[in-house]
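Novice: Here's a structure for you.
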Amino acid sequence: MNLRDLAKSNIRQASLRLETAQGAFKKGEYAYAIRQCQECVELALKGALNFIGVEYPHYHEVSPILIEKKSSFSPWFRNEIEEFANISKDLARKREPAMYGQEVKGLTPESLFTKKEANEVLNKTENLFKKTKKLVTG
């Protein structure tokens with residue numbers, strides 16, 4: 001398997017996470033929707049990195065390498081890198097609380113995230129996914 005094949009696989013996997021996030025949002029499961037958005041963003045950005053020939057780092061938040069390799073992307077995608085990096089950083093911070101809550105404070109994941117926040121995250125994720133899919137699959 002080459003990196004381009006892996007990029008396409010990442011996009012397929014990201015698509016599944018996005019569908020799950022959309023379904024969770026519709027059911028009012030906002031923490032789970034945010035968690036699935038994080039996974040979608042992570043996979044989509046790793047797909048974008050694979051697409052340009054970069055084997056992604058094996059950790060969840062890839063914004064440093066994304067910014068470092070910015071000049072390797074097509075100009076139309078390059079213009080989105082800063083925003084995509086910010087989305088990745090934001091969701092990486094929300095990843096654990098969206099799954100576990102804040103156990104020390106006795107807060108559940110459901111109590112930490114609002115419908116409004118989940119909707120904003122979902123909209124940003126959908127945009128990021130759409131553009132990374134276009135990059136990778138044409």
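FYI, nothing fancy with the structure tokens labels: chains A, B, ... in order, residues from 1 per chain, ligands from 1 as they appear.
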DSSP on the backbone, alpha helix (DSSP H) only: what residues of chain A does that give? Format it as a PDB file with N, CA and C atoms, in the first residue's frame.
Specialist:
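See states.pdb below for the written result:
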```
ATOM      1  N   LEU A   3       1.226   5.653   0.067  1.00  0.00           N
ATOM      2  CA  LEU A   3       0.639   6.724   0.875  1.00  0.00           C
ATOM      3  C   LEU A   3      -0.638   7.287   0.265  1.00  0.00           C
ATOM      4  N   ARG A   4      -0.745   7.294  -1.053  1.00  0.00           N
ATOM      5  CA  ARG A   4      -1.982   7.787  -1.688  1.00  0.00           C
ATOM      6  C   ARG A   4      -3.150   6.852  -1.367  1.00  0.00           C
ATOM      7  N   ASP A   5      -2.908   5.543  -1.378  1.00  0.00           N
ATOM      8  CA  ASP A   5      -3.954   4.586  -1.000  1.00  0.00           C
ATOM      9  C   ASP A   5      -4.346   4.784   0.464  1.00  0.00           C
ATOM     10  N   LEU A   6      -3.355   5.009   1.297  1.00  0.00           N
ATOM     11  CA  LEU A   6      -3.620   5.247   2.714  1.00  0.00           C
ATOM     12  C   LEU A   6      -4.411   6.537   2.899  1.00  0.00           C
ATOM     13  N   ALA A   7      -4.102   7.554   2.109  1.00  0.00           N
ATOM     14  CA  ALA A   7      -4.843   8.818   2.178  1.00  0.00           C
ATOM     15  C   ALA A   7      -6.323   8.591   1.876  1.00  0.00           C
ATOM     16  N   LYS A   8      -6.596   7.814   0.838  1.00  0.00           N
ATOM     17  CA  LYS A   8      -7.993   7.517   0.481  1.00  0.00           C
ATOM     18  C   LYS A   8      -8.681   6.713   1.580  1.00  0.00           C
ATOM     19  N   SER A   9      -7.958   5.791   2.178  1.00  0.00           N
ATOM     20  CA  SER A   9      -8.516   5.025   3.297  1.00  0.00           C
ATOM     21  C   SER A   9      -8.825   5.940   4.477  1.00  0.00           C
ATOM     22  N   ASN A  10      -7.911   6.868   4.770  1.00  0.00           N
ATOM     23  CA  ASN A  10      -8.156   7.831   5.852  1.00  0.00           C
ATOM     24  C   ASN A  10      -9.429   8.620   5.602  1.00  0.00           C
ATOM     25  N   ILE A  11      -9.640   9.028   4.355  1.00  0.00           N
ATOM     26  CA  ILE A  11     -10.830   9.806   4.014  1.00  0.00           C
ATOM     27  C   ILE A  11     -12.089   8.954   4.179  1.00  0.00           C
ATOM     28  N   ARG A  12     -12.023   7.699   3.763  1.00  0.00           N
ATOM     29  CA  ARG A  12     -13.188   6.810   3.968  1.00  0.00           C
ATOM     30  C   ARG A  12     -13.503   6.657   5.455  1.00  0.00           C
ATOM     31  N   GLN A  13     -12.465   6.463   6.248  1.00  0.00           N
ATOM     32  CA  GLN A  13     -12.666   6.324   7.694  1.00  0.00           C
ATOM     33  C   GLN A  13     -13.178   7.632   8.305  1.00  0.00           C
ATOM     34  N   ALA A  14     -12.665   8.740   7.846  1.00  0.00           N
ATOM     35  CA  ALA A  14     -13.140  10.041   8.334  1.00  0.00           C
ATOM     36  C   ALA A  14     -14.612  10.234   7.998  1.00  0.00           C
ATOM     37  N   SER A  15     -15.008   9.801   6.819  1.00  0.00           N
ATOM     38  CA  SER A  15     -16.406   9.913   6.393  1.00  0.00           C
ATOM     39  C   SER A  15     -17.332   9.143   7.335  1.00  0.00           C
ATOM     40  N   LEU A  16     -16.912   7.968   7.743  1.00  0.00           N
ATOM     41  CA  LEU A  16     -17.716   7.173   8.682  1.00  0.00           C
ATOM     42  C   LEU A  16     -17.859   7.896  10.021  1.00  0.00           C
ATOM     43  N   ARG A  17     -16.769   8.514  10.489  1.00  0.00           N
ATOM     44  CA  ARG A  17     -16.823   9.255  11.759  1.00  0.00           C
ATOM     45  C   ARG A  17     -17.763  10.453  11.631  1.00  0.00           C
ATOM     46  N   LEU A  18     -17.723  11.119  10.478  1.00  0.00           N
ATOM     47  CA  LEU A  18     -18.592  12.271  10.270  1.00  0.00           C
ATOM     48  C   LEU A  18     -20.054  11.848  10.271  1.00  0.00           C
ATOM     49  N   GLU A  19     -20.369  10.761   9.609  1.00  0.00           N
ATOM     50  CA  GLU A  19     -21.753  10.255   9.619  1.00  0.00           C
ATOM     51  C   GLU A  19     -22.203   9.941  11.042  1.00  0.00           C
ATOM     52  N   THR A  20     -21.328   9.334  11.814  1.00  0.00           N
ATOM     53  CA  THR A  20     -21.657   9.018  13.207  1.00  0.00           C
ATOM     54  C   THR A  20     -21.856  10.298  14.014  1.00  0.00           C
ATOM     55  N   ALA A  21     -21.003  11.292  13.783  1.00  0.00           N
ATOM     56  CA  ALA A  21     -21.133  12.578  14.484  1.00  0.00           C
ATOM     57  C   ALA A  21     -22.462  13.248  14.152  1.00  0.00           C
ATOM     58  N   GLN A  22     -22.836  13.226  12.892  1.00  0.00           N
ATOM     59  CA  GLN A  22     -24.106  13.832  12.478  1.00  0.00           C
ATOM     60  C   GLN A  22     -25.287  13.118  13.131  1.00  0.00           C
ATOM     61  N   GLY A  23     -25.232  11.803  13.172  1.00  0.00           N
ATOM     62  CA  GLY A  23     -26.300  11.033  13.814  1.00  0.00           C
ATOM     63  C   GLY A  23     -26.369  11.298  15.309  1.00  0.00           C
ATOM     64  N   ALA A  24     -25.224  11.358  15.952  1.00  0.00           N
ATOM     65  CA  ALA A  24     -25.185  11.639  17.391  1.00  0.00           C
ATOM     66  C   ALA A  24     -25.746  13.024  17.685  1.00  0.00           C
ATOM     67  N   PHE A  25     -25.391  13.991  16.852  1.00  0.00           N
ATOM     68  CA  PHE A  25     -25.913  15.348  17.043  1.00  0.00           C
ATOM     69  C   PHE A  25     -27.437  15.348  16.953  1.00  0.00           C
ATOM     70  N   LYS A  26     -27.985  14.668  15.956  1.00  0.00           N
ATOM     71  CA  LYS A  26     -29.440  14.611  15.782  1.00  0.00           C
ATOM     72  C   LYS A  26     -30.132  13.971  16.980  1.00  0.00           C
ATOM     73  N   TYR A  30     -24.365  15.328  22.270  1.00  0.00           N
ATOM     74  CA  TYR A  30     -23.421  16.348  21.838  1.00  0.00           C
ATOM     75  C   TYR A  30     -21.968  15.998  22.155  1.00  0.00           C
ATOM     76  N   ALA A  31     -21.701  15.423  23.310  1.00  0.00           N
ATOM     77  CA  ALA A  31     -20.332  15.035  23.644  1.00  0.00           C
ATOM     78  C   ALA A  31     -19.828  13.977  22.671  1.00  0.00           C
ATOM     79  N   TYR A  32     -20.662  13.013  22.357  1.00  0.00           N
ATOM     80  CA  TYR A  32     -20.256  11.958  21.432  1.00  0.00           C
ATOM     81  C   TYR A  32     -20.069  12.524  20.024  1.00  0.00           C
ATOM     82  N   ALA A  33     -20.900  13.457  19.632  1.00  0.00           N
ATOM     83  CA  ALA A  33     -20.752  14.099  18.327  1.00  0.00           C
ATOM     84  C   ALA A  33     -19.398  14.803  18.252  1.00  0.00           C
ATOM     85  N   ILE A  34     -19.033  15.499  19.310  1.00  0.00           N
ATOM     86  CA  ILE A  34     -17.745  16.193  19.336  1.00  0.00           C
ATOM     87  C   ILE A  34     -16.604  15.188  19.283  1.00  0.00           C
ATOM     88  N   ARG A  35     -16.713  14.110  20.012  1.00  0.00           N
ATOM     89  CA  ARG A  35     -15.668  13.074  19.985  1.00  0.00           C
ATOM     90  C   ARG A  35     -15.504  12.524  18.566  1.00  0.00           C
ATOM     91  N   GLN A  36     -16.587  12.251  17.897  1.00  0.00           N
ATOM     92  CA  GLN A  36     -16.506  11.719  16.543  1.00  0.00           C
ATOM     93  C   GLN A  36     -15.993  12.768  15.554  1.00  0.00           C
ATOM     94  N   CYS A  37     -16.304  14.030  15.796  1.00  0.00           N
ATOM     95  CA  CYS A  37     -15.740  15.107  14.973  1.00  0.00           C
ATOM     96  C   CYS A  37     -14.220  15.134  15.123  1.00  0.00           C
ATOM     97  N   GLN A  38     -13.739  14.967  16.336  1.00  0.00           N
ATOM     98  CA  GLN A  38     -12.290  14.958  16.553  1.00  0.00           C
ATOM     99  C   GLN A  38     -11.643  13.839  15.744  1.00  0.00           C
ATOM    100  N   GLU A  39     -12.230  12.662  15.783  1.00  0.00           N
ATOM    101  CA  GLU A  39     -11.670  11.542  15.033  1.00  0.00           C
ATOM    102  C   GLU A  39     -11.732  11.797  13.529  1.00  0.00           C
ATOM    103  N   CYS A  40     -12.824  12.385  13.073  1.00  0.00           N
ATOM    104  CA  CYS A  40     -12.959  12.722  11.653  1.00  0.00           C
ATOM    105  C   CYS A  40     -11.864  13.692  11.226  1.00  0.00           C
ATOM    106  N   VAL A  41     -11.667  14.742  11.991  1.00  0.00           N
ATOM    107  CA  VAL A  41     -10.663  15.750  11.671  1.00  0.00           C
ATOM    108  C   VAL A  41      -9.269  15.125  11.676  1.00  0.00           C
ATOM    109  N   GLU A  42      -8.983  14.329  12.683  1.00  0.00           N
ATOM    110  CA  GLU A  42      -7.674  13.679  12.772  1.00  0.00           C
ATOM    111  C   GLU A  42      -7.409  12.813  11.534  1.00  0.00           C
ATOM    112  N   LEU A  43      -8.365  11.979  11.183  1.00  0.00           N
ATOM    113  CA  LEU A  43      -8.192  11.092  10.030  1.00  0.00           C
ATOM    114  C   LEU A  43      -8.117  11.865   8.714  1.00  0.00           C
ATOM    115  N   ALA A  44      -8.946  12.877   8.572  1.00  0.00           N
ATOM    116  CA  ALA A  44      -8.942  13.668   7.338  1.00  0.00           C
ATOM    117  C   ALA A  44      -7.609  14.384   7.155  1.00  0.00           C
ATOM    118  N   LEU A  45      -7.099  14.992   8.218  1.00  0.00           N
ATOM    119  CA  LEU A  45      -5.824  15.705   8.108  1.00  0.00           C
ATOM    120  C   LEU A  45      -4.664  14.743   7.892  1.00  0.00           C
ATOM    121  N   LYS A  46      -4.719  13.587   8.509  1.00  0.00           N
ATOM    122  CA  LYS A  46      -3.688  12.579   8.254  1.00  0.00           C
ATOM    123  C   LYS A  46      -3.772  12.106   6.805  1.00  0.00           C
ATOM    124  N   GLY A  47      -4.980  12.021   6.266  1.00  0.00           N
ATOM    125  CA  GLY A  47      -5.135  11.700   4.849  1.00  0.00           C
ATOM    126  C   GLY A  47      -4.515  12.763   3.961  1.00  0.00           C
ATOM    127  N   ALA A  48      -4.712  14.029   4.320  1.00  0.00           N
ATOM    128  CA  ALA A  48      -4.121  15.122   3.543  1.00  0.00           C
ATOM    129  C   ALA A  48      -2.595  15.039   3.580  1.00  0.00           C
ATOM    130  N   LEU A  49      -2.049  14.731   4.744  1.00  0.00           N
ATOM    131  CA  LEU A  49      -0.598  14.588   4.858  1.00  0.00           C
ATOM    132  C   LEU A  49      -0.096  13.417   4.023  1.00  0.00           C
ATOM    133  N   ASN A  50      -0.784  12.287   4.103  1.00  0.00           N
ATOM    134  CA  ASN A  50      -0.401  11.136   3.273  1.00  0.00           C
ATOM    135  C   ASN A  50      -0.457  11.497   1.797  1.00  0.00           C
ATOM    136  N   PHE A  51      -1.459  12.260   1.415  1.00  0.00           N
ATOM    137  CA  PHE A  51      -1.640  12.632   0.014  1.00  0.00           C
ATOM    138  C   PHE A  51      -0.426  13.368  -0.546  1.00  0.00           C
ATOM    139  N   SER A  63      -1.403  19.321  13.905  1.00  0.00           N
ATOM    140  CA  SER A  63      -1.264  20.688  13.393  1.00  0.00           C
ATOM    141  C   SER A  63       0.186  21.127  13.200  1.00  0.00           C
ATOM    142  N   PRO A  64       1.132  20.757  14.073  1.00  0.00           N
ATOM    143  CA  PRO A  64       2.510  21.219  13.822  1.00  0.00           C
ATOM    144  C   PRO A  64       3.075  20.728  12.480  1.00  0.00           C
ATOM    145  N   ILE A  65       2.861  19.466  12.145  1.00  0.00           N
ATOM    146  CA  ILE A  65       3.377  18.936  10.876  1.00  0.00           C
ATOM    147  C   ILE A  65       2.580  19.491   9.702  1.00  0.00           C
ATOM    148  N   LEU A  66       1.304  19.722   9.910  1.00  0.00           N
ATOM    149  CA  LEU A  66       0.468  20.302   8.867  1.00  0.00           C
ATOM    150  C   LEU A  66       0.988  21.696   8.494  1.00  0.00           C
ATOM    151  N   ILE A  67       1.288  22.496   9.492  1.00  0.00           N
ATOM    152  CA  ILE A  67       1.815  23.847   9.255  1.00  0.00           C
ATOM    153  C   ILE A  67       3.218  23.775   8.653  1.00  0.00           C
ATOM    154  N   GLU A  68       4.037  22.865   9.156  1.00  0.00           N
ATOM    155  CA  GLU A  68       5.394  22.701   8.637  1.00  0.00           C
ATOM    156  C   GLU A  68       5.381  22.356   7.149  1.00  0.00           C
ATOM    157  N   PRO A  75      -2.309  25.491  -3.689  1.00  0.00           N
ATOM    158  CA  PRO A  75      -2.602  26.824  -3.140  1.00  0.00           C
ATOM    159  C   PRO A  75      -3.994  26.947  -2.522  1.00  0.00           C
ATOM    160  N   TRP A  76      -5.010  26.388  -3.165  1.00  0.00           N
ATOM    161  CA  TRP A  76      -6.369  26.519  -2.622  1.00  0.00           C
ATOM    162  C   TRP A  76      -6.494  25.839  -1.264  1.00  0.00           C
ATOM    163  N   PHE A  77      -5.768  24.736  -1.043  1.00  0.00           N
ATOM    164  CA  PHE A  77      -5.815  24.025   0.238  1.00  0.00           C
ATOM    165  C   PHE A  77      -4.896  24.707   1.256  1.00  0.00           C
ATOM    166  N   ARG A  78      -3.772  25.189   0.768  1.00  0.00           N
ATOM    167  CA  ARG A  78      -2.806  25.875   1.629  1.00  0.00           C
ATOM    168  C   ARG A  78      -3.461  27.030   2.382  1.00  0.00           C
ATOM    169  N   ILE A  81      -4.983  25.952   5.767  1.00  0.00           N
ATOM    170  CA  ILE A  81      -4.160  25.233   6.749  1.00  0.00           C
ATOM    171  C   ILE A  81      -4.246  25.826   8.153  1.00  0.00           C
ATOM    172  N   GLU A  82      -4.145  27.122   8.287  1.00  0.00           N
ATOM    173  CA  GLU A  82      -4.176  27.739   9.630  1.00  0.00           C
ATOM    174  C   GLU A  82      -5.500  27.423  10.332  1.00  0.00           C
ATOM    175  N   GLU A  83      -6.599  27.558   9.603  1.00  0.00           N
ATOM    176  CA  GLU A  83      -7.913  27.263  10.176  1.00  0.00           C
ATOM    177  C   GLU A  83      -8.015  25.788  10.550  1.00  0.00           C
ATOM    178  N   PHE A  84      -7.552  24.917   9.663  1.00  0.00           N
ATOM    179  CA  PHE A  84      -7.606  23.480   9.939  1.00  0.00           C
ATOM    180  C   PHE A  84      -6.740  23.117  11.144  1.00  0.00           C
ATOM    181  N   ALA A  85      -5.591  23.754  11.264  1.00  0.00           N
ATOM    182  CA  ALA A  85      -4.717  23.519  12.419  1.00  0.00           C
ATOM    183  C   ALA A  85      -5.408  23.949  13.710  1.00  0.00           C
ATOM    184  N   ASN A  86      -6.100  25.078  13.670  1.00  0.00           N
ATOM    185  CA  ASN A  86      -6.826  25.546  14.863  1.00  0.00           C
ATOM    186  C   ASN A  86      -7.959  24.593  15.237  1.00  0.00           C
ATOM    187  N   ILE A  87      -8.662  24.087  14.244  1.00  0.00           N
ATOM    188  CA  ILE A  87      -9.737  23.120  14.508  1.00  0.00           C
ATOM    189  C   ILE A  87      -9.152  21.870  15.145  1.00  0.00           C
ATOM    190  N   SER A  88      -8.054  21.392  14.597  1.00  0.00           N
ATOM    191  CA  SER A  88      -7.408  20.193  15.128  1.00  0.00           C
ATOM    192  C   SER A  88      -6.987  20.392  16.588  1.00  0.00           C
ATOM    193  N   LYS A  89      -6.354  21.521  16.880  1.00  0.00           N
ATOM    194  CA  LYS A  89      -5.922  21.811  18.253  1.00  0.00           C
ATOM    195  C   LYS A  89      -7.108  21.875  19.210  1.00  0.00           C
ATOM    196  N   ASP A  90      -8.157  22.571  18.794  1.00  0.00           N
ATOM    197  CA  ASP A  90      -9.345  22.712  19.640  1.00  0.00           C
ATOM    198  C   ASP A  90      -9.973  21.350  19.943  1.00  0.00           C
ATOM    199  N   LEU A  91     -10.117  20.536  18.915  1.00  0.00           N
ATOM    200  CA  LEU A  91     -10.750  19.232  19.126  1.00  0.00           C
ATOM    201  C   LEU A  91      -9.860  18.278  19.899  1.00  0.00           C
ATOM    202  N   ALA A  92      -8.558  18.396  19.749  1.00  0.00           N
ATOM    203  CA  ALA A  92      -7.649  17.552  20.530  1.00  0.00           C
ATOM    204  C   ALA A  92      -7.815  17.836  22.025  1.00  0.00           C
ATOM    205  N   ARG A  93      -8.050  19.110  22.373  1.00  0.00           N
ATOM    206  CA  ARG A  93      -8.276  19.474  23.781  1.00  0.00           C
ATOM    207  C   ARG A  93      -9.607  18.925  24.303  1.00  0.00           C
ATOM    208  N   LYS A  94     -10.562  18.775  23.401  1.00  0.00           N
ATOM    209  CA  LYS A  94     -11.893  18.312  23.804  1.00  0.00           C
ATOM    210  C   LYS A  94     -12.031  16.795  23.763  1.00  0.00           C
ATOM    211  N   ARG A  95     -11.049  16.124  23.168  1.00  0.00           N
ATOM    212  CA  ARG A  95     -11.118  14.685  22.934  1.00  0.00           C
ATOM    213  C   ARG A  95     -11.411  13.888  24.215  1.00  0.00           C
ATOM    214  N   GLU A  96     -10.576  14.031  25.214  1.00  0.00           N
ATOM    215  CA  GLU A  96     -10.768  13.267  26.442  1.00  0.00           C
ATOM    216  C   GLU A  96     -12.006  13.690  27.224  1.00  0.00           C
ATOM    217  N   PRO A  97     -12.242  14.992  27.432  1.00  0.00           N
ATOM    218  CA  PRO A  97     -13.463  15.369  28.144  1.00  0.00           C
ATOM    219  C   PRO A  97     -14.737  14.878  27.446  1.00  0.00           C
ATOM    220  N   ALA A  98     -14.711  14.841  26.100  1.00  0.00           N
ATOM    221  CA  ALA A  98     -15.882  14.373  25.362  1.00  0.00           C
ATOM    222  C   ALA A  98     -16.128  12.884  25.584  1.00  0.00           C
ATOM    223  N   MET A  99     -15.088  12.165  25.953  1.00  0.00           N
ATOM    224  CA  MET A  99     -15.246  10.735  26.198  1.00  0.00           C
ATOM    225  C   MET A  99     -15.436  10.409  27.678  1.00  0.00           C
ATOM    226  N   TYR A 100     -14.666  11.077  28.520  1.00  0.00           N
ATOM    227  CA  TYR A 100     -14.646  10.721  29.939  1.00  0.00           C
ATOM    228  C   TYR A 100     -15.271  11.752  30.864  1.00  0.00           C
ATOM    229  N   PRO A 109     -19.453  13.700  30.472  1.00  0.00           N
ATOM    230  CA  PRO A 109     -19.264  14.296  29.147  1.00  0.00           C
ATOM    231  C   PRO A 109     -20.498  15.093  28.708  1.00  0.00           C
ATOM    232  N   GLU A 110     -21.669  14.562  28.994  1.00  0.00           N
ATOM    233  CA  GLU A 110     -22.913  15.216  28.570  1.00  0.00           C
ATOM    234  C   GLU A 110     -23.095  16.598  29.191  1.00  0.00           C
ATOM    235  N   SER A 111     -22.537  16.790  30.380  1.00  0.00           N
ATOM    236  CA  SER A 111     -22.704  18.083  31.052  1.00  0.00           C
ATOM    237  C   SER A 111     -21.715  19.142  30.565  1.00  0.00           C
ATOM    238  N   LEU A 112     -20.741  18.738  29.790  1.00  0.00           N
ATOM    239  CA  LEU A 112     -19.675  19.657  29.391  1.00  0.00           C
ATOM    240  C   LEU A 112     -19.912  20.352  28.060  1.00  0.00           C
ATOM    241  N   LYS A 115     -25.505  22.100  22.837  1.00  0.00           N
ATOM    242  CA  LYS A 115     -25.960  21.925  21.459  1.00  0.00           C
ATOM    243  C   LYS A 115     -25.285  22.943  20.550  1.00  0.00           C
ATOM    244  N   LYS A 116     -25.200  24.173  21.009  1.00  0.00           N
ATOM    245  CA  LYS A 116     -24.583  25.234  20.206  1.00  0.00           C
ATOM    246  C   LYS A 116     -23.127  24.915  19.904  1.00  0.00           C
ATOM    247  N   GLU A 117     -22.377  24.504  20.911  1.00  0.00           N
ATOM    248  CA  GLU A 117     -20.972  24.173  20.704  1.00  0.00           C
ATOM    249  C   GLU A 117     -20.823  22.984  19.756  1.00  0.00           C
ATOM    250  N   ALA A 118     -21.633  21.962  19.968  1.00  0.00           N
ATOM    251  CA  ALA A 118     -21.577  20.785  19.102  1.00  0.00           C
ATOM    252  C   ALA A 118     -21.926  21.145  17.663  1.00  0.00           C
ATOM    253  N   ASN A 119     -22.889  22.014  17.481  1.00  0.00           N
ATOM    254  CA  ASN A 119     -23.276  22.442  16.137  1.00  0.00           C
ATOM    255  C   ASN A 119     -22.129  23.194  15.455  1.00  0.00           C
ATOM    256  N   GLU A 120     -21.463  24.072  16.191  1.00  0.00           N
ATOM    257  CA  GLU A 120     -20.326  24.805  15.643  1.00  0.00           C
ATOM    258  C   GLU A 120     -19.195  23.848  15.253  1.00  0.00           C
ATOM    259  N   VAL A 121     -18.907  22.903  16.130  1.00  0.00           N
ATOM    260  CA  VAL A 121     -17.856  21.922  15.852  1.00  0.00           C
ATOM    261  C   VAL A 121     -18.226  21.082  14.631  1.00  0.00           C
ATOM    262  N   LEU A 122     -19.460  20.654  14.560  1.00  0.00           N
ATOM    263  CA  LEU A 122     -19.913  19.836  13.437  1.00  0.00           C
ATOM    264  C   LEU A 122     -19.802  20.603  12.113  1.00  0.00           C
ATOM    265  N   ASN A 123     -20.198  21.868  12.115  1.00  0.00           N
ATOM    266  CA  ASN A 123     -20.099  22.678  10.891  1.00  0.00           C
ATOM    267  C   ASN A 123     -18.655  22.835  10.433  1.00  0.00           C
ATOM    268  N   LYS A 124     -17.751  23.098  11.369  1.00  0.00           N
ATOM    269  CA  LYS A 124     -16.331  23.226  11.025  1.00  0.00           C
ATOM    270  C   LYS A 124     -15.774  21.899  10.519  1.00  0.00           C
ATOM    271  N   THR A 125     -16.186  20.823  11.152  1.00  0.00           N
ATOM    272  CA  THR A 125     -15.716  19.496  10.751  1.00  0.00           C
ATOM    273  C   THR A 125     -16.206  19.145   9.359  1.00  0.00           C
ATOM    274  N   GLU A 126     -17.469  19.437   9.076  1.00  0.00           N
ATOM    275  CA  GLU A 126     -18.017  19.149   7.744  1.00  0.00           C
ATOM    276  C   GLU A 126     -17.249  19.912   6.667  1.00  0.00           C
ATOM    277  N   ASN A 127     -16.931  21.168   6.926  1.00  0.00           N
ATOM    278  CA  ASN A 127     -16.181  21.979   5.973  1.00  0.00           C
ATOM    279  C   ASN A 127     -14.776  21.413   5.770  1.00  0.00           C
ATOM    280  N   LEU A 128     -14.088  21.110   6.856  1.00  0.00           N
ATOM    281  CA  LEU A 128     -12.745  20.547   6.774  1.00  0.00           C
ATOM    282  C   LEU A 128     -12.767  19.223   6.009  1.00  0.00           C
ATOM    283  N   PHE A 129     -13.730  18.371   6.331  1.00  0.00           N
ATOM    284  CA  PHE A 129     -13.815  17.076   5.654  1.00  0.00           C
ATOM    285  C   PHE A 129     -14.056  17.253   4.152  1.00  0.00           C
ATOM    286  N   LYS A 130     -14.979  18.108   3.813  1.00  0.00           N
ATOM    287  CA  LYS A 130     -15.299  18.342   2.395  1.00  0.00           C
ATOM    288  C   LYS A 130     -14.046  18.754   1.613  1.00  0.00           C
ATOM    289  N   LYS A 131     -13.261  19.635   2.195  1.00  0.00           N
ATOM    290  CA  LYS A 131     -12.080  20.136   1.501  1.00  0.00           C
ATOM    291  C   LYS A 131     -10.950  19.115   1.469  1.00  0.00           C
ATOM    292  N   THR A 132     -10.774  18.356   2.534  1.00  0.00           N
ATOM    293  CA  THR A 132      -9.720  17.332   2.501  1.00  0.00           C
ATOM    294  C   THR A 132     -10.121  16.199   1.551  1.00  0.00           C
ATOM    295  N   LYS A 133     -11.407  15.883   1.496  1.00  0.00           N
ATOM    296  CA  LYS A 133     -11.854  14.858   0.553  1.00  0.00           C
ATOM    297  C   LYS A 133     -11.598  15.321  -0.883  1.00  0.00           C
ATOM    298  N   LYS A 134     -11.874  16.584  -1.165  1.00  0.00           N
ATOM    299  CA  LYS A 134     -11.625  17.127  -2.512  1.00  0.00           C
ATOM    300  C   LYS A 134     -10.136  17.039  -2.843  1.00  0.00           C
ATOM    301  N   LEU A 135      -9.286  17.357  -1.888  1.00  0.00           N
ATOM    302  CA  LEU A 135      -7.842  17.285  -2.099  1.00  0.00           C
ATOM    303  C   LEU A 135      -7.425  15.862  -2.462  1.00  0.00           C
ATOM    304  N   VAL A 136      -7.913  14.904  -1.694  1.00  0.00           N
ATOM    305  CA  VAL A 136      -7.442  13.525  -1.815  1.00  0.00           C
ATOM    306  C   VAL A 136      -8.101  12.777  -2.967  1.00  0.00           C
ATOM    307  N   THR A 137      -9.376  13.011  -3.195  1.00  0.00           N
ATOM    308  CA  THR A 137     -10.083  12.206  -4.189  1.00  0.00           C
ATOM    309  C   THR A 137     -10.403  12.979  -5.467  1.00  0.00           C
TER     310      THR A 137
END
```
Novice: Record the distance separating atom CA of A:Val62 and atom CA of A:Val104, expressed in Å with one decimal.
Specialist: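 Result for atom CA of A:Val62 versus atom CA of A:Val104: 27.8 Å, one decimal.
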Novice: Nearest to A:Thr114: which of A:Val54, A:Gly138, A:Asn2, A:Gly28 is it, counting only C-alpha atoms?
Specialist: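 Going through A:Val54, A:Gly138, A:Asn2, A:Gly28 one by one, the smallest distance to A:Thr114 is for A:Gly28.
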Novice: Any idea what the distance is between atom CA of A:Lys105 and atom CA of A:Glu29?
Specialist: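 So the answer is 20.7 Å.
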